[in-house]
Amino acid sequence: MIAGHSTEPRAEASKLGQLSWALFDWANQPFFTIVTTFIFAPYFANVMVGDPVKGQAAWAFTQSTAGVLIALMSPFLGAMADAGGRRKPYIFAFQLLLGLGCGALWWAYPGRPDLVGPISWAVVVATIGAEMSIVFNNAQLPNIVRPQRMGWLSGLGWGLGYCGGLISLFIVLTVSMPSIFGLAATNDQPLFGLDARTNELERLVGPASALWLAVFVIPMFLFTPDMARRNVSLLGAAKNGGLALVHTVRRLGHFKNALRYLIAFMLYNDGLAAIIAFGGVYAAATFGWSTVTLGIFGIILTVFAIPGAFLGGRLDDHIGSKRTVQLAILGVIIATLGIVGVSDDRVLFLVPAGELVPNRPLFGSLQEKVFMAFALLLGFCMGPMQAASRTLVGRLAPESMSGEFFGLFALSGRATAWMAPFAIGVITTSTGSNRLGVACVLFFLVLGFCLLWGVREERATA
């Protein structure tokens, strides 16, 4: 056993404490939905920077910089939290960073190239705050619910997160297009007197996400029990955590089963992230979808992910995390095959389909209907795949090392996140085929699935 660690049994948290833990995902999801995906990121790249190529490069800088720093920090800080016992002080500190970074986005004025650098760093700070606080919140999971119900609680968190992101997106759409919801005669001006000329709506999503976070994260701090504080100073916790992490790295052979899982997760999670990110790009290239259509596509995908996360959590507790992840990966593999099997004149690779009519209804062609059917399967499977992956870490990590292992989990999710997009770019460029480019995602999914097959769902010993 590692010095300073304890394996005393811990009581299960109350239902309120568990629900409050799950609300953490709800509180944080708007940052990922309306800041880093649908609203602020496109505004930053295309309007604030003003050059789509330079803007995309600048946004890529924020995400890659944050990813590298998270990968470097997460295992050490996770081990440090294990040594000190408590998680909430770390969660509070990083949630504060997230809130401050989001608040600073209000100053992302259009036509101000001098502000691109500071706003980029604000995004980096917010992303680090979000991802690192998730590491420590995840580490609370094994300590607040008995192992037989970890899948249910993890799935509940993911499902609530999807719901929170969906609601926040609808709020933005309501404010930006009030006539659609009967709140104004036209869409000439956003609600609440927001100035469209200075993009106040797009700039406001950062502070609004911070406000949402401040309100909905409170129950976790009030009602979810923390680990007992150990009699060690912050400096002592840092020293002990560092020594524990070095000890773990030296003993990776002792954790072969968990290491195999983390490598498998690297691969299949990279494949999942890539097909989610590039599925819309492939659809836009194949069908000529507009931004509005892509937005509707994203909403529908999220709607189907919600029941998938909830049902996946139940399935996790009945058949185990590993089997749930395997079934979900299999579903994603089938969905990916179906997606790349659609072209402008074929479905399922070989079946002929009619010509795409320019003014067709929404998803009005056979090709789009088949594409959407497989995309909905993807949406349904991605929830349980992500939720059960988190639960499996909780089932594999030694009792006294959950923070460290969730830090390694975050590292494994970030360390190779560039590989599938890079492979897509190289293959697309070399072959001139969008289909072959996206199809390479199958390599990551299948290899991750095969590696996962040899993982035993059993808790490691420290």
# chains A, B, ... in the order shown; residues from 1 in each chain; ligands from 1
>>> residues_around(residues="region 13-27 of chain A", least_positions_apart="4", cutoff="7 Å", atoms="only C-alpha atoms", output="short mmCIF file (atom, residue, chain, number, x, y, z; two decimals) with N, CA and C atoms, in the first residue's frame")
data_model
loop_
_atom_site.label_atom_id
_atom_site.label_comp_id
_atom_site.auth_asym_id
_atom_site.auth_seq_id
_atom_site.Cartn_x
_atom_site.Cartn_y
_atom_site.Cartn_z
N ILE A 144 -19.45 7.81 -3.07
CA ILE A 144 -20.79 8.29 -2.71
C ILE A 144 -21.89 7.31 -3.08
N VAL A 145 -21.55 6.24 -3.76
CA VAL A 145 -22.57 5.27 -4.17
C VAL A 145 -21.93 3.88 -4.14
N LEU A 153 -25.76 6.02 -11.50
CA LEU A 153 -25.47 7.40 -11.13
C LEU A 153 -24.63 8.09 -12.20
N LEU A 156 -26.93 8.87 -15.01
CA LEU A 156 -27.79 10.00 -14.65
C LEU A 156 -27.05 11.32 -14.86
N GLY A 157 -25.78 11.36 -14.45
CA GLY A 157 -24.99 12.58 -14.63
C GLY A 157 -24.84 12.95 -16.09
N TRP A 158 -24.47 11.97 -16.92
CA TRP A 158 -24.32 12.25 -18.35
C TRP A 158 -25.64 12.70 -18.96
N LEU A 160 -28.26 14.13 -17.47
CA LEU A 160 -28.59 15.49 -17.04
C LEU A 160 -27.70 16.51 -17.75
N GLY A 161 -26.43 16.13 -17.99
CA GLY A 161 -25.54 17.02 -18.72
C GLY A 161 -26.05 17.31 -20.12
N GLY A 164 -28.97 19.66 -19.87
CA GLY A 164 -28.54 21.02 -19.60
C GLY A 164 -28.00 21.70 -20.83
N TRP A 212 -25.00 30.24 -15.00
CA TRP A 212 -25.64 28.92 -14.93
C TRP A 212 -24.82 28.00 -14.02
N LEU A 213 -23.51 28.01 -14.21
CA LEU A 213 -22.61 27.19 -13.39
C LEU A 213 -22.73 27.56 -11.92
N PHE A 216 -26.15 26.20 -10.44
CA PHE A 216 -26.45 24.77 -10.40
C PHE A 216 -25.35 23.90 -9.80
N VAL A 217 -24.15 24.48 -9.57
CA VAL A 217 -23.12 23.69 -8.93
C VAL A 217 -23.24 23.74 -7.40
N PRO A 219 -25.63 22.82 -5.25
CA PRO A 219 -26.06 21.60 -4.53
C PRO A 219 -24.93 20.60 -4.31
N MET A 220 -24.01 20.46 -5.28
CA MET A 220 -22.92 19.52 -5.08
C MET A 220 -22.07 19.91 -3.88
N PHE A 223 -24.49 19.36 -0.56
CA PHE A 223 -25.13 18.10 -0.17
C PHE A 223 -24.33 16.84 -0.49
N THR A 224 -23.34 16.92 -1.37
CA THR A 224 -22.53 15.74 -1.69
C THR A 224 -21.37 15.66 -0.71
N PRO A 225 -21.26 14.58 0.05
CA PRO A 225 -20.18 14.50 1.05
C PRO A 225 -18.81 14.38 0.40
#
>>> residues_around(residues="region 337-339 of chain A", least_positions_apart="2", cutoff="7 Å", atoms="only C-alpha atoms", output="list in words")
Ile333, Ile334, Ala335, Gly341, Val342, Leu348, Phe371, Phe374 and Ala375 of chain A
>>> residues_around(residues="region 104-106 of chain A", least_positions_apart="2", cutoff="10 Å", atoms="only C-alpha atoms", output="VMD selection string")
chain A and resid 35 40 44 99 to 102 108 to 109 118 to 123 126 199 to 208 210
